[in-house]
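Structure data (CSV, C-alpha atoms and all ligand atoms) from input.csv:
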chain,number,residue,atom,x,y,z
A,9,MET,CA,30.4,-31.3,-42.5
A,10,ALA,CA,32.3,-29.2,-45.0
A,11,ILE,CA,34.5,-26.3,-44.1
A,12,SER,CA,33.1,-23.1,-45.5
A,13,ILE,CA,35.1,-21.0,-48.0
A,14,LYS,CA,34.5,-17.3,-47.7
A,15,SER,CA,34.0,-15.1,-50.7
A,16,ALA,CA,35.9,-11.9,-51.2
A,17,ARG,CA,33.0,-9.9,-49.8
A,18,GLU,CA,32.7,-12.2,-46.8
A,19,ILE,CA,36.5,-12.0,-46.2
A,20,GLU,CA,36.2,-8.2,-46.2
A,21,LEU,CA,33.6,-8.4,-43.4
A,22,MET,CA,35.6,-10.9,-41.5
A,23,ARG,CA,38.6,-8.6,-41.7
A,24,GLU,CA,36.6,-5.7,-40.2
A,25,ALA,CA,35.2,-8.0,-37.5
A,26,GLY,CA,38.7,-9.0,-36.7
A,27,ARG,CA,40.2,-5.5,-36.8
A,28,ILE,CA,37.5,-4.2,-34.4
A,29,LEU,CA,38.2,-7.1,-32.0
A,30,SER,CA,41.9,-6.4,-32.0
A,31,GLU,CA,41.1,-2.9,-30.8
A,32,VAL,CA,38.8,-4.1,-28.1
A,33,HIS,CA,41.5,-6.4,-26.8
A,34,GLU,CA,44.1,-3.7,-27.0
A,35,LYS,CA,42.0,-1.3,-24.9
A,36,LEU,CA,40.9,-4.0,-22.5
A,37,GLY,CA,44.6,-5.0,-22.0
A,38,GLU,CA,45.4,-1.5,-20.9
A,39,GLU,CA,42.8,-1.7,-18.1
A,40,ILE,CA,44.3,-4.9,-16.5
A,41,ARG,CA,45.7,-3.9,-13.1
A,42,PRO,CA,45.4,-5.1,-9.4
A,43,GLY,CA,42.1,-4.0,-8.0
A,44,ILE,CA,39.9,-4.3,-11.0
A,45,SER,CA,37.1,-6.9,-10.8
A,46,THR,CA,36.4,-9.5,-13.5
A,47,TRP,CA,32.9,-7.9,-13.7
A,48,ASP,CA,34.3,-4.5,-14.6
A,49,ILE,CA,36.5,-6.1,-17.3
A,50,ASN,CA,33.4,-7.6,-18.8
A,51,ALA,CA,31.3,-4.4,-18.5
A,52,LEU,CA,34.1,-2.4,-20.2
A,53,GLY,CA,34.5,-5.1,-22.9
A,54,GLU,CA,30.8,-5.2,-23.7
A,55,GLU,CA,30.6,-1.4,-23.9
A,56,LEU,CA,33.6,-1.3,-26.2
A,57,ILE,CA,32.1,-3.9,-28.5
A,58,ARG,CA,28.8,-2.0,-28.7
A,59,SER,CA,30.6,1.3,-29.2
A,60,TYR,CA,31.7,-0.1,-32.6
A,61,GLY,CA,28.1,-1.0,-33.5
A,62,CYS,CA,28.9,-4.7,-33.0
A,63,VAL,CA,27.2,-7.3,-30.9
A,64,PRO,CA,29.0,-9.5,-28.3
A,65,ASN,CA,28.7,-13.1,-29.6
A,66,PHE,CA,29.4,-14.9,-26.3
A,67,LEU,CA,26.5,-13.2,-24.5
A,68,ASN,CA,23.7,-15.8,-24.0
A,69,TYR,CA,25.6,-18.3,-26.2
A,70,ASN,CA,24.4,-21.6,-24.8
A,71,GLY,CA,23.3,-19.6,-21.8
A,72,TYR,CA,26.8,-18.0,-21.1
A,73,PRO,CA,25.9,-15.0,-19.0
A,74,ALA,CA,28.5,-12.4,-20.1
A,75,SER,CA,30.3,-10.9,-23.1
A,76,ILE,CA,33.9,-11.5,-22.1
A,77,CYS,CA,35.2,-14.8,-20.6
A,78,VAL,CA,37.5,-13.8,-17.7
A,79,SER,CA,39.6,-16.7,-16.4
A,80,VAL,CA,42.1,-16.2,-13.5
A,81,ASN,CA,45.1,-18.3,-12.7
A,82,HIS,CA,44.1,-22.0,-12.7
A,83,GLU,CA,40.9,-21.2,-14.5
A,84,VAL,CA,41.5,-22.3,-18.1
A,85,VAL,CA,38.6,-20.7,-20.0
A,86,HIS,CA,35.0,-19.6,-19.7
A,87,GLY,CA,35.4,-17.9,-16.3
A,88,ILE,CA,32.2,-16.0,-15.4
A,89,PRO,CA,32.7,-12.3,-14.5
A,90,ASN,CA,32.0,-11.5,-10.9
A,91,LYS,CA,31.9,-8.3,-8.9
A,92,SER,CA,33.7,-9.8,-6.0
A,93,ARG,CA,36.5,-11.4,-8.0
A,94,ILE,CA,39.2,-8.7,-7.7
A,95,LEU,CA,42.5,-9.2,-9.6
A,96,GLN,CA,45.6,-9.3,-7.4
A,97,GLU,CA,49.2,-8.5,-8.1
A,98,GLY,CA,50.8,-11.7,-9.3
A,99,ASP,CA,47.7,-13.1,-10.9
A,100,ILE,CA,47.4,-14.0,-14.6
A,101,VAL,CA,44.1,-13.4,-16.4
A,102,SER,CA,42.9,-14.8,-19.7
A,103,LEU,CA,40.4,-12.6,-21.6
A,104,ASP,CA,38.5,-14.3,-24.3
A,105,ALA,CA,36.3,-12.0,-26.4
A,106,GLY,CA,34.3,-12.1,-29.6
A,107,LEU,CA,31.9,-10.0,-31.6
A,108,ILE,CA,29.6,-9.9,-34.6
A,109,TYR,CA,30.1,-7.3,-37.4
A,110,LYS,CA,27.4,-7.3,-40.1
A,111,GLY,CA,26.7,-11.0,-39.5
A,112,PHE,CA,30.3,-12.1,-39.3
A,113,HIS,CA,32.1,-13.4,-36.1
A,114,SER,CA,35.5,-12.8,-34.8
A,115,ASP,CA,37.0,-14.5,-31.7
A,116,ALA,CA,40.4,-13.9,-29.9
A,117,ALA,CA,41.9,-14.5,-26.5
A,118,ARG,CA,44.9,-13.0,-24.6
A,119,THR,CA,46.5,-13.8,-21.2
A,120,HIS,CA,47.7,-10.8,-19.3
A,121,PRO,CA,49.9,-10.5,-16.2
A,122,VAL,CA,48.4,-8.5,-13.3
A,123,GLY,CA,51.2,-6.3,-12.0
A,124,ARG,CA,54.4,-8.2,-11.4
A,125,ILE,CA,54.2,-12.0,-11.9
A,126,SER,CA,56.5,-14.9,-11.4
A,127,ARG,CA,59.0,-15.9,-14.0
A,128,ASP,CA,57.3,-19.3,-14.4
A,129,ALA,CA,54.0,-17.6,-15.1
A,130,ALA,CA,55.5,-15.2,-17.6
A,131,LYS,CA,57.2,-18.2,-19.4
A,132,LEU,CA,53.9,-20.0,-19.6
A,133,ILE,CA,52.1,-17.0,-21.2
A,134,GLU,CA,54.9,-16.5,-23.7
A,135,ALA,CA,55.1,-20.2,-24.6
A,136,THR,CA,51.4,-20.3,-25.2
A,137,ARG,CA,51.6,-17.3,-27.5
A,138,ARG,CA,54.5,-18.7,-29.4
A,139,SER,CA,52.8,-22.1,-29.8
A,140,PHE,CA,50.1,-20.3,-31.8
A,141,PHE,CA,52.7,-18.8,-34.1
A,142,ALA,CA,54.5,-22.2,-34.4
A,143,GLY,CA,51.1,-23.7,-35.4
A,144,ILE,CA,50.2,-21.1,-38.1
A,145,ARG,CA,53.4,-21.7,-40.0
A,146,TYR,CA,51.3,-24.5,-41.4
A,147,ALA,CA,48.1,-22.5,-41.8
A,148,ARG,CA,48.2,-22.2,-45.6
A,149,GLU,CA,47.4,-23.9,-48.8
A,150,GLY,CA,49.5,-27.0,-49.3
A,151,TYR,CA,49.2,-28.1,-45.7
A,152,ARG,CA,46.5,-29.9,-43.8
A,153,LEU,CA,44.6,-29.0,-40.7
A,154,PHE,CA,46.3,-31.2,-38.2
A,155,ASP,CA,49.7,-30.1,-39.4
A,156,ILE,CA,48.8,-27.0,-37.3
A,157,SER,CA,47.8,-29.2,-34.3
A,158,ASN,CA,51.0,-31.2,-34.5
A,159,ALA,CA,53.2,-28.1,-34.7
A,160,ILE,CA,51.6,-26.6,-31.6
A,161,ASP,CA,52.1,-29.9,-29.7
A,162,ALA,CA,55.7,-30.2,-30.9
A,163,TYR,CA,56.4,-26.6,-29.7
A,164,ILE,CA,54.8,-27.1,-26.3
A,165,SER,CA,56.1,-30.5,-25.6
A,166,ARG,CA,59.6,-29.3,-24.9
A,167,PHE,CA,58.4,-27.3,-21.8
A,168,GLY,CA,56.6,-30.3,-20.3
A,169,TYR,CA,53.4,-28.3,-20.1
A,170,GLY,CA,50.0,-29.9,-20.4
A,171,ILE,CA,47.9,-29.2,-23.6
A,172,VAL,CA,44.2,-29.0,-22.9
A,173,ARG,CA,42.4,-31.8,-24.8
A,174,ASP,CA,38.8,-31.2,-23.8
A,175,LEU,CA,38.5,-27.9,-25.7
A,176,VAL,CA,39.7,-27.1,-29.2
A,177,GLY,CA,39.8,-24.4,-31.9
A,178,HIS,CA,37.2,-24.1,-34.6
A,179,GLY,CA,36.1,-22.8,-37.9
A,180,ILE,CA,34.4,-19.4,-37.7
A,181,GLY,CA,32.3,-17.2,-40.0
A,182,THR,CA,28.5,-16.5,-40.0
A,183,ARG,CA,28.6,-18.7,-36.8
A,184,LEU,CA,30.9,-18.6,-33.9
A,185,HIS,CA,31.6,-22.3,-34.1
A,186,GLU,CA,31.8,-23.8,-37.5
A,187,ASP,CA,33.6,-26.9,-38.7
A,188,PRO,CA,36.3,-28.0,-38.4
A,189,GLN,CA,37.4,-28.7,-34.8
A,190,ILE,CA,41.1,-27.8,-34.4
A,191,PRO,CA,42.9,-29.8,-31.6
A,192,ASN,CA,46.0,-28.3,-30.1
A,193,PHE,CA,47.6,-31.7,-29.4
A,194,ARG,CA,49.1,-34.5,-31.6
A,195,GLN,CA,46.9,-36.1,-34.2
A,196,TRP,CA,47.6,-39.4,-36.0
A,197,ARG,CA,46.4,-38.2,-39.3
A,198,ARG,CA,46.9,-35.0,-41.2
A,199,GLY,CA,43.2,-34.1,-41.5
A,200,PRO,CA,41.5,-32.0,-44.2
A,201,ARG,CA,43.4,-29.9,-46.7
A,202,LEU,CA,43.6,-26.2,-46.0
A,203,ARG,CA,42.1,-24.0,-48.7
A,204,PRO,CA,42.2,-20.2,-49.3
A,205,GLY,CA,39.1,-18.6,-47.9
A,206,MET,CA,38.9,-20.8,-44.8
A,207,THR,CA,38.7,-18.8,-41.6
A,208,LEU,CA,39.8,-20.6,-38.4
A,209,ALA,CA,40.0,-19.7,-34.7
A,210,ILE,CA,43.2,-21.3,-33.5
A,211,GLU,CA,43.4,-21.2,-29.7
A,212,PRO,CA,46.0,-23.2,-27.7
A,213,MET,CA,45.1,-23.6,-24.0
A,214,ILE,CA,48.2,-24.6,-22.1
A,215,ASN,CA,48.6,-25.7,-18.5
A,216,MET,CA,51.7,-25.5,-16.3
A,217,GLY,CA,51.0,-29.0,-15.1
A,218,THR,CA,48.5,-31.6,-16.0
A,219,TRP,CA,46.4,-31.3,-19.2
A,220,ARG,CA,43.4,-32.6,-17.2
A,221,VAL,CA,40.6,-30.1,-16.5
A,222,SER,CA,37.4,-30.1,-14.6
A,223,TRP,CA,34.2,-28.0,-14.8
A,224,LEU,CA,33.0,-26.0,-11.8
A,225,ASP,CA,29.4,-26.2,-10.6
A,226,ASP,CA,28.6,-23.1,-12.5
A,227,ASP,CA,28.7,-25.4,-15.5
A,228,TRP,CA,31.0,-23.0,-17.3
A,229,THR,CA,34.3,-22.3,-15.6
A,230,VAL,CA,37.0,-24.8,-16.8
A,231,VAL,CA,39.8,-25.3,-14.2
A,232,THR,CA,43.0,-27.3,-14.1
A,233,GLN,CA,42.7,-30.5,-12.0
A,234,ASP,CA,46.0,-29.8,-10.3
A,235,GLY,CA,45.2,-26.2,-9.5
A,236,ARG,CA,48.3,-24.9,-11.4
A,237,LEU,CA,48.2,-22.0,-13.9
A,238,SER,CA,46.8,-22.0,-17.4
A,239,ALA,CA,47.2,-19.6,-20.3
A,240,HIS,CA,45.2,-19.1,-23.5
A,241,TYR,CA,46.0,-17.4,-26.8
A,242,GLU,CA,43.7,-17.2,-29.8
A,243,ASN,CA,43.3,-15.4,-33.1
A,244,THR,CA,40.9,-15.6,-36.0
A,245,VAL,CA,43.0,-16.5,-39.0
A,246,LEU,CA,42.4,-16.4,-42.8
A,247,ILE,CA,43.9,-19.2,-44.9
A,248,THR,CA,45.5,-17.9,-48.2
A,249,ALA,CA,47.8,-19.3,-50.8
A,250,GLY,CA,50.7,-17.7,-48.9
A,251,GLU,CA,51.2,-16.3,-45.4
A,252,PRO,CA,48.0,-16.6,-43.2
A,253,GLU,CA,46.3,-13.4,-42.4
A,254,ILE,CA,45.8,-13.0,-38.7
A,255,LEU,CA,42.5,-11.0,-38.6
A,256,THR,CA,42.4,-10.2,-34.9
A,257,LEU,CA,46.0,-9.0,-34.4
A,258,GLY,CA,45.7,-5.4,-35.5
A,259,SER,CA,48.7,-3.4,-36.6
A,260,LYS,CA,51.0,-4.8,-33.8
B,301,LIG,N1,36.5,-18.4,-27.5
B,301,LIG,C1,35.6,-19.3,-26.9
B,301,LIG,C2,35.3,-20.3,-28.0
B,301,LIG,O1,36.0,-20.3,-28.9
B,301,LIG,C3,34.4,-18.6,-26.3
B,301,LIG,C4,33.1,-19.2,-26.5
B,301,LIG,S1,32.4,-19.6,-25.0
B,301,LIG,C5,31.0,-18.7,-24.7
B,301,LIG,O2,34.6,-21.2,-27.9
B,301,LIG,F1,30.1,-19.5,-24.5
B,301,LIG,F2,31.2,-17.9,-23.8
B,301,LIG,F3,30.7,-18.1,-25.8
B,302,CO,CO,37.3,-19.7,-30.0
Would you mind writing the file's structure down as structure tokens?
Amino acid sequence: MAISIKSAREIELMREAGRILSEVHEKLGEEIRPGISTWDINALGEELIRSYGCVPNFLNYNGYPASICVSVNHEVVHGIPNKSRILQEGDIVSLDAGLIYKGFHSDAARTHPVGRISRDAAKLIEATRRSFFAGIRYAREGYRLFDISNAIDAYISRFGYGIVRDLVGHGIGTRLHEDPQIPNFRQWRRGPRLRPGMTLAIEPMINMGTWRVSWLDDDWTVVTQDGRLSAHYENTVLITAGEPEILTLGSK
């Protein structure tokens, strides 16, 4: 399948979808503290998304029962919000959120500390975020898709962390998941050429230990097989002839 190229008008709508999502993430991040439940985070996130006149795109996606994926500690992604899951000091929590604005999707994830966390946990969160920026140095015309994958892998490999292989980034636009798939680990070919107007959700998922993951019986929650921590960082990015435009980053 071909990778869609967005028109100037479509890019404008993607920008707005991204800008709104950056505000949602910023406000959600301010609410993260010991004592809040993952359910409350989801309720607040959904309310925020709707307050902008947008629709949460994760809700009911393949049957996913919430608007925000809330994944704690060894949960990698797709954690299901739960009233009895209360964040504790020292936890790390990954929030993955997305929305639809006038038919166009945005998708972004952040991992937050809950109160004071260990140095090792903080280092994992920071390395995961930095691996995204290492990757998008190649997210521009003149490079190829898997140059991004290889740069993320090269950045992470020095830490000895595990890069999740079972889940990958993706194209995004009028659908949440479009072609292409974007692995975060080493590829042996360079993949398709990047073209201005492509919009990509680039999302490294990085484990402190093994890259291997399992699915819980809820059929959604992805966890590390060794029970060690995992972090996630994702933005929706527009490919241009020059610097990529990070649509879900906002002004900061
Ligand atoms: N950001 C995730 C992704 O890129 C969230 C989708 S999972 C959902 O695939 F099912 F909850 F929507
Ligand atoms: Co995504």
Kindly assemble as JSON lines a list of the chain A residues that lie within 10 Å of ligand LIG 301 (chain B), each paired with its nearest atom pair and their distance in Å to one decimal, using all atoms listed in the file, sorted first by chain and then by ascending residue number.
{"residue": "A:Pro64", "atom": "CA", "partner": "B:LIG301", "partner_atom": "F3", "distance": 9.1}
{"residue": "A:Asn65", "atom": "CA", "partner": "B:LIG301", "partner_atom": "F3", "distance": 6.6}
{"residue": "A:Phe66", "atom": "CA", "partner": "B:LIG301", "partner_atom": "F3", "distance": 3.5}
{"residue": "A:Leu67", "atom": "CA", "partner": "B:LIG301", "partner_atom": "F3", "distance": 6.6}
{"residue": "A:Asn68", "atom": "CA", "partner": "B:LIG301", "partner_atom": "F1", "distance": 7.4}
{"residue": "A:Tyr69", "atom": "CA", "partner": "B:LIG301", "partner_atom": "F1", "distance": 5.0}
{"residue": "A:Asn70", "atom": "CA", "partner": "B:LIG301", "partner_atom": "F1", "distance": 6.1}
{"residue": "A:Gly71", "atom": "CA", "partner": "B:LIG301", "partner_atom": "F1", "distance": 7.3}
{"residue": "A:Tyr72", "atom": "CA", "partner": "B:LIG301", "partner_atom": "F1", "distance": 5.0}
{"residue": "A:Pro73", "atom": "CA", "partner": "B:LIG301", "partner_atom": "F2", "distance": 7.7}
{"residue": "A:Ala74", "atom": "CA", "partner": "B:LIG301", "partner_atom": "F2", "distance": 7.2}
{"residue": "A:Ser75", "atom": "CA", "partner": "B:LIG301", "partner_atom": "F2", "distance": 7.1}
{"residue": "A:Ile76", "atom": "CA", "partner": "B:LIG301", "partner_atom": "F2", "distance": 7.2}
{"residue": "A:Cys77", "atom": "CA", "partner": "B:LIG301", "partner_atom": "F2", "distance": 6.0}
{"residue": "A:Val78", "atom": "CA", "partner": "B:LIG301", "partner_atom": "F2", "distance": 9.7}
{"residue": "A:Val85", "atom": "CA", "partner": "B:LIG301", "partner_atom": "C1", "distance": 7.7}
{"residue": "A:His86", "atom": "CA", "partner": "B:LIG301", "partner_atom": "F2", "distance": 5.8}
{"residue": "A:Gly87", "atom": "CA", "partner": "B:LIG301", "partner_atom": "F2", "distance": 8.6}
{"residue": "A:Ile88", "atom": "CA", "partner": "B:LIG301", "partner_atom": "F2", "distance": 8.7}
{"residue": "A:Leu103", "atom": "CA", "partner": "B:LIG301", "partner_atom": "N1", "distance": 9.1}
{"residue": "A:Asp104", "atom": "CA", "partner": "B:LIG301", "partner_atom": "N1", "distance": 5.6}
{"residue": "A:Ala105", "atom": "CA", "partner": "B:LIG301", "partner_atom": "N1", "distance": 6.5}
{"residue": "A:Gly106", "atom": "CA", "partner": "B:LIG301", "partner_atom": "N1", "distance": 7.0}
{"residue": "A:Ser114", "atom": "CA", "partner": "B:LIG301", "partner_atom": "N1", "distance": 9.3}
{"residue": "A:Asp115", "atom": "CA", "partner": "B:LIG301", "partner_atom": "N1", "distance": 5.8}
{"residue": "A:Ala116", "atom": "CA", "partner": "B:LIG301", "partner_atom": "N1", "distance": 6.4}
{"residue": "A:Ala117", "atom": "CA", "partner": "B:LIG301", "partner_atom": "N1", "distance": 6.7}
{"residue": "A:Leu175", "atom": "CA", "partner": "B:LIG301", "partner_atom": "O2", "distance": 8.1}
{"residue": "A:Val176", "atom": "CA", "partner": "B:LIG301", "partner_atom": "O1", "distance": 7.7}
{"residue": "A:Gly177", "atom": "CA", "partner": "B:LIG301", "partner_atom": "O1", "distance": 6.3}
{"residue": "A:His178", "atom": "CA", "partner": "B:LIG301", "partner_atom": "O1", "distance": 7.0}
{"residue": "A:Gly179", "atom": "CA", "partner": "B:LIG301", "partner_atom": "O1", "distance": 9.3}
{"residue": "A:Ile180", "atom": "CA", "partner": "B:LIG301", "partner_atom": "O1", "distance": 9.0}
{"residue": "A:Leu184", "atom": "CA", "partner": "B:LIG301", "partner_atom": "O1", "distance": 7.3}
{"residue": "A:His185", "atom": "CA", "partner": "B:LIG301", "partner_atom": "O2", "distance": 7.0}
{"residue": "A:Ala209", "atom": "CA", "partner": "B:LIG301", "partner_atom": "O1", "distance": 7.1}
{"residue": "A:Ile210", "atom": "CA", "partner": "B:LIG301", "partner_atom": "O1", "distance": 8.6}
{"residue": "A:Glu211", "atom": "CA", "partner": "B:LIG301", "partner_atom": "O1", "distance": 7.5}
{"residue": "A:Trp228", "atom": "CA", "partner": "B:LIG301", "partner_atom": "F1", "distance": 8.1}
{"residue": "A:Thr229", "atom": "CA", "partner": "B:LIG301", "partner_atom": "F2", "distance": 9.8}
{"residue": "A:His240", "atom": "CA", "partner": "B:LIG301", "partner_atom": "N1", "distance": 9.6}
{"residue": "A:Tyr241", "atom": "CA", "partner": "B:LIG301", "partner_atom": "N1", "distance": 9.6}
{"residue": "A:Glu242", "atom": "CA", "partner": "B:LIG301", "partner_atom": "N1", "distance": 7.7}
{"residue": "A:Asn243", "atom": "CA", "partner": "B:LIG301", "partner_atom": "N1", "distance": 9.3}
{"residue": "A:Thr244", "atom": "CA", "partner": "B:LIG301", "partner_atom": "O1", "distance": 9.8}
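Considering all atoms listed in the file, the residue among A:Leu257, A:Ala16, A:Met213, A:Met22 positioned nearest to ligand CO 302 (chain B) is A:Met213.
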Between A:Arg152, A:Arg124, A:Arg27, A:Arg145, single out the one closest to Pro200 of chain A, counting all atoms listed in the file.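 Once distances to Pro200 of chain A are computed over all atoms listed in the file, the minimum belongs to A:Arg152.
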Kindly provide the residues of segment 77-178 of chain A that approach segment 187-195 of chain A to within 9 Å, each paired with its closest atom pair and their distance in Å to one decimal, based on all atoms listed in the file, listed by chain and increasing number, as a Markdown table.
| residue | atom | partner | partner_atom | distance |
| --- | --- | --- | --- | --- |
| A:Gly143 | CA | A:Asn192 | CA | 8.7 |
| A:Leu153 | CA | A:Ile190 | CA | 7.3 |
| A:Phe154 | CA | A:Gln195 | CA | 6.4 |
| A:Asp155 | CA | A:Gln195 | CA | 8.4 |
| A:Ile156 | CA | A:Asn192 | CA | 7.8 |
| A:Ser157 | CA | A:Asn192 | CA | 4.7 |
| A:Asn158 | CA | A:Arg194 | CA | 4.8 |
| A:Ala159 | CA | A:Arg194 | CA | 8.2 |
| A:Ile160 | CA | A:Asn192 | CA | 6.0 |
| A:Asp161 | CA | A:Phe193 | CA | 4.9 |
| A:Ala162 | CA | A:Arg194 | CA | 7.9 |
| A:Ile171 | CA | A:Phe193 | CA | 6.3 |
| A:Val172 | CA | A:Asn192 | CA | 7.5 |
| A:Arg173 | CA | A:Phe193 | CA | 6.9 |
| A:Asp174 | CA | A:Pro191 | CA | 8.9 |
| A:Leu175 | CA | A:Pro191 | CA | 7.6 |
| A:Val176 | CA | A:Pro191 | CA | 4.8 |
| A:Gly177 | CA | A:Ile190 | CA | 4.4 |
| A:His178 | CA | A:Gln189 | CA | 4.6 |
Could the residues in this selection be written to a file with C-alpha atoms, as a PDB file, keeping the file's coordinate frame?
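Below is the file that was written, result-v4.pdb:
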ATOM      1  CA  GLY A 143      51.100 -23.700 -35.400  1.00  0.00           C
ATOM      2  CA  LEU A 153      44.600 -29.000 -40.700  1.00  0.00           C
ATOM      3  CA  PHE A 154      46.300 -31.200 -38.200  1.00  0.00           C
ATOM      4  CA  ASP A 155      49.700 -30.100 -39.400  1.00  0.00           C
ATOM      5  CA  ILE A 156      48.800 -27.000 -37.300  1.00  0.00           C
ATOM      6  CA  SER A 157      47.800 -29.200 -34.300  1.00  0.00           C
ATOM      7  CA  ASN A 158      51.000 -31.200 -34.500  1.00  0.00           C
ATOM      8  CA  ALA A 159      53.200 -28.100 -34.700  1.00  0.00           C
ATOM      9  CA  ILE A 160      51.600 -26.600 -31.600  1.00  0.00           C
ATOM     10  CA  ASP A 161      52.100 -29.900 -29.700  1.00  0.00           C
ATOM     11  CA  ALA A 162      55.700 -30.200 -30.900  1.00  0.00           C
ATOM     12  CA  ILE A 171      47.900 -29.200 -23.600  1.00  0.00           C
ATOM     13  CA  VAL A 172      44.200 -29.000 -22.900  1.00  0.00           C
ATOM     14  CA  ARG A 173      42.400 -31.800 -24.800  1.00  0.00           C
ATOM     15  CA  ASP A 174      38.800 -31.200 -23.800  1.00  0.00           C
ATOM     16  CA  LEU A 175      38.500 -27.900 -25.700  1.00  0.00           C
ATOM     17  CA  VAL A 176      39.700 -27.100 -29.200  1.00  0.00           C
ATOM     18  CA  GLY A 177      39.800 -24.400 -31.900  1.00  0.00           C
ATOM     19  CA  HIS A 178      37.200 -24.100 -34.600  1.00  0.00           C
TER      20      HIS A 178
END
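In this comparison, which uses only C-alpha atoms and all ligand atoms, the residue of A:Ile100, A:Leu56, A:Ala129, A:Leu107 approaching ligand CO 302 (chain B) most closely is A:Leu107.
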Starting from the incomplete input, reconstruct N, CA and C atoms of segment 206-223 of chain A and report them as an mmCIF file, keeping the file's coordinate frame.
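Okay, selection.cif is ready:
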data_model
loop_
_atom_site.group_PDB
_atom_site.id
_atom_site.type_symbol
_atom_site.label_atom_id
_atom_site.label_comp_id
_atom_site.auth_asym_id
_atom_site.auth_seq_id
_atom_site.Cartn_x
_atom_site.Cartn_y
_atom_site.Cartn_z
ATOM 1 N N MET A 206 39.282 -20.222 -46.097
ATOM 2 C CA MET A 206 38.900 -20.800 -44.800
ATOM 3 C C MET A 206 39.216 -19.784 -43.706
ATOM 4 N N THR A 207 38.337 -19.645 -42.721
ATOM 5 C CA THR A 207 38.700 -18.800 -41.600
ATOM 6 C C THR A 207 38.574 -19.658 -40.302
ATOM 7 N N LEU A 208 39.654 -19.646 -39.537
ATOM 8 C CA LEU A 208 39.800 -20.600 -38.400
ATOM 9 C C LEU A 208 40.168 -19.797 -37.143
ATOM 10 N N ALA A 209 39.563 -20.198 -36.022
ATOM 11 C CA ALA A 209 40.000 -19.700 -34.700
ATOM 12 C C ALA A 209 40.895 -20.703 -34.079
ATOM 13 N N ILE A 210 42.161 -20.347 -34.015
ATOM 14 C CA ILE A 210 43.200 -21.300 -33.500
ATOM 15 C C ILE A 210 43.531 -20.803 -32.089
ATOM 16 N N GLU A 211 43.397 -21.701 -31.104
ATOM 17 C CA GLU A 211 43.400 -21.200 -29.700
ATOM 18 C C GLU A 211 44.039 -22.223 -28.734
ATOM 19 N N PRO A 212 45.380 -22.300 -28.705
ATOM 20 C CA PRO A 212 46.000 -23.200 -27.700
ATOM 21 C C PRO A 212 45.664 -22.731 -26.268
ATOM 22 N N MET A 213 45.302 -23.732 -25.445
ATOM 23 C CA MET A 213 45.100 -23.600 -24.000
ATOM 24 C C MET A 213 46.103 -24.450 -23.319
ATOM 25 N N ILE A 214 47.039 -23.832 -22.609
ATOM 26 C CA ILE A 214 48.200 -24.600 -22.100
ATOM 27 C C ILE A 214 48.316 -24.454 -20.600
ATOM 28 N N ASN A 215 48.504 -25.621 -19.952
ATOM 29 C CA ASN A 215 48.600 -25.700 -18.500
ATOM 30 C C ASN A 215 50.012 -25.887 -18.028
ATOM 31 N N MET A 216 50.338 -25.277 -16.912
ATOM 32 C CA MET A 216 51.700 -25.500 -16.300
ATOM 33 C C MET A 216 51.930 -26.922 -15.976
ATOM 34 N N GLY A 217 50.908 -27.590 -15.486
ATOM 35 C CA GLY A 217 51.000 -29.000 -15.100
ATOM 36 C C GLY A 217 50.230 -29.923 -15.928
ATOM 37 N N THR A 218 49.300 -30.615 -15.299
ATOM 38 C CA THR A 218 48.500 -31.600 -16.000
ATOM 39 C C THR A 218 47.625 -30.992 -17.099
ATOM 40 N N TRP A 219 47.375 -31.741 -18.162
ATOM 41 C CA TRP A 219 46.400 -31.300 -19.200
ATOM 42 C C TRP A 219 44.993 -31.485 -18.742
ATOM 43 N N ARG A 220 44.815 -32.233 -17.646
ATOM 44 C CA ARG A 220 43.400 -32.600 -17.200
ATOM 45 C C ARG A 220 42.709 -31.392 -16.632
ATOM 46 N N VAL A 221 41.453 -31.255 -17.027
ATOM 47 C CA VAL A 221 40.600 -30.100 -16.500
ATOM 48 C C VAL A 221 39.322 -30.637 -15.960
ATOM 49 N N SER A 222 38.696 -29.784 -15.151
ATOM 50 C CA SER A 222 37.400 -30.100 -14.600
ATOM 51 C C SER A 222 36.464 -28.867 -14.850
ATOM 52 N N TRP A 223 35.169 -29.105 -14.732
ATOM 53 C CA TRP A 223 34.200 -28.000 -14.800
ATOM 54 C C TRP A 223 33.680 -27.695 -13.420
#
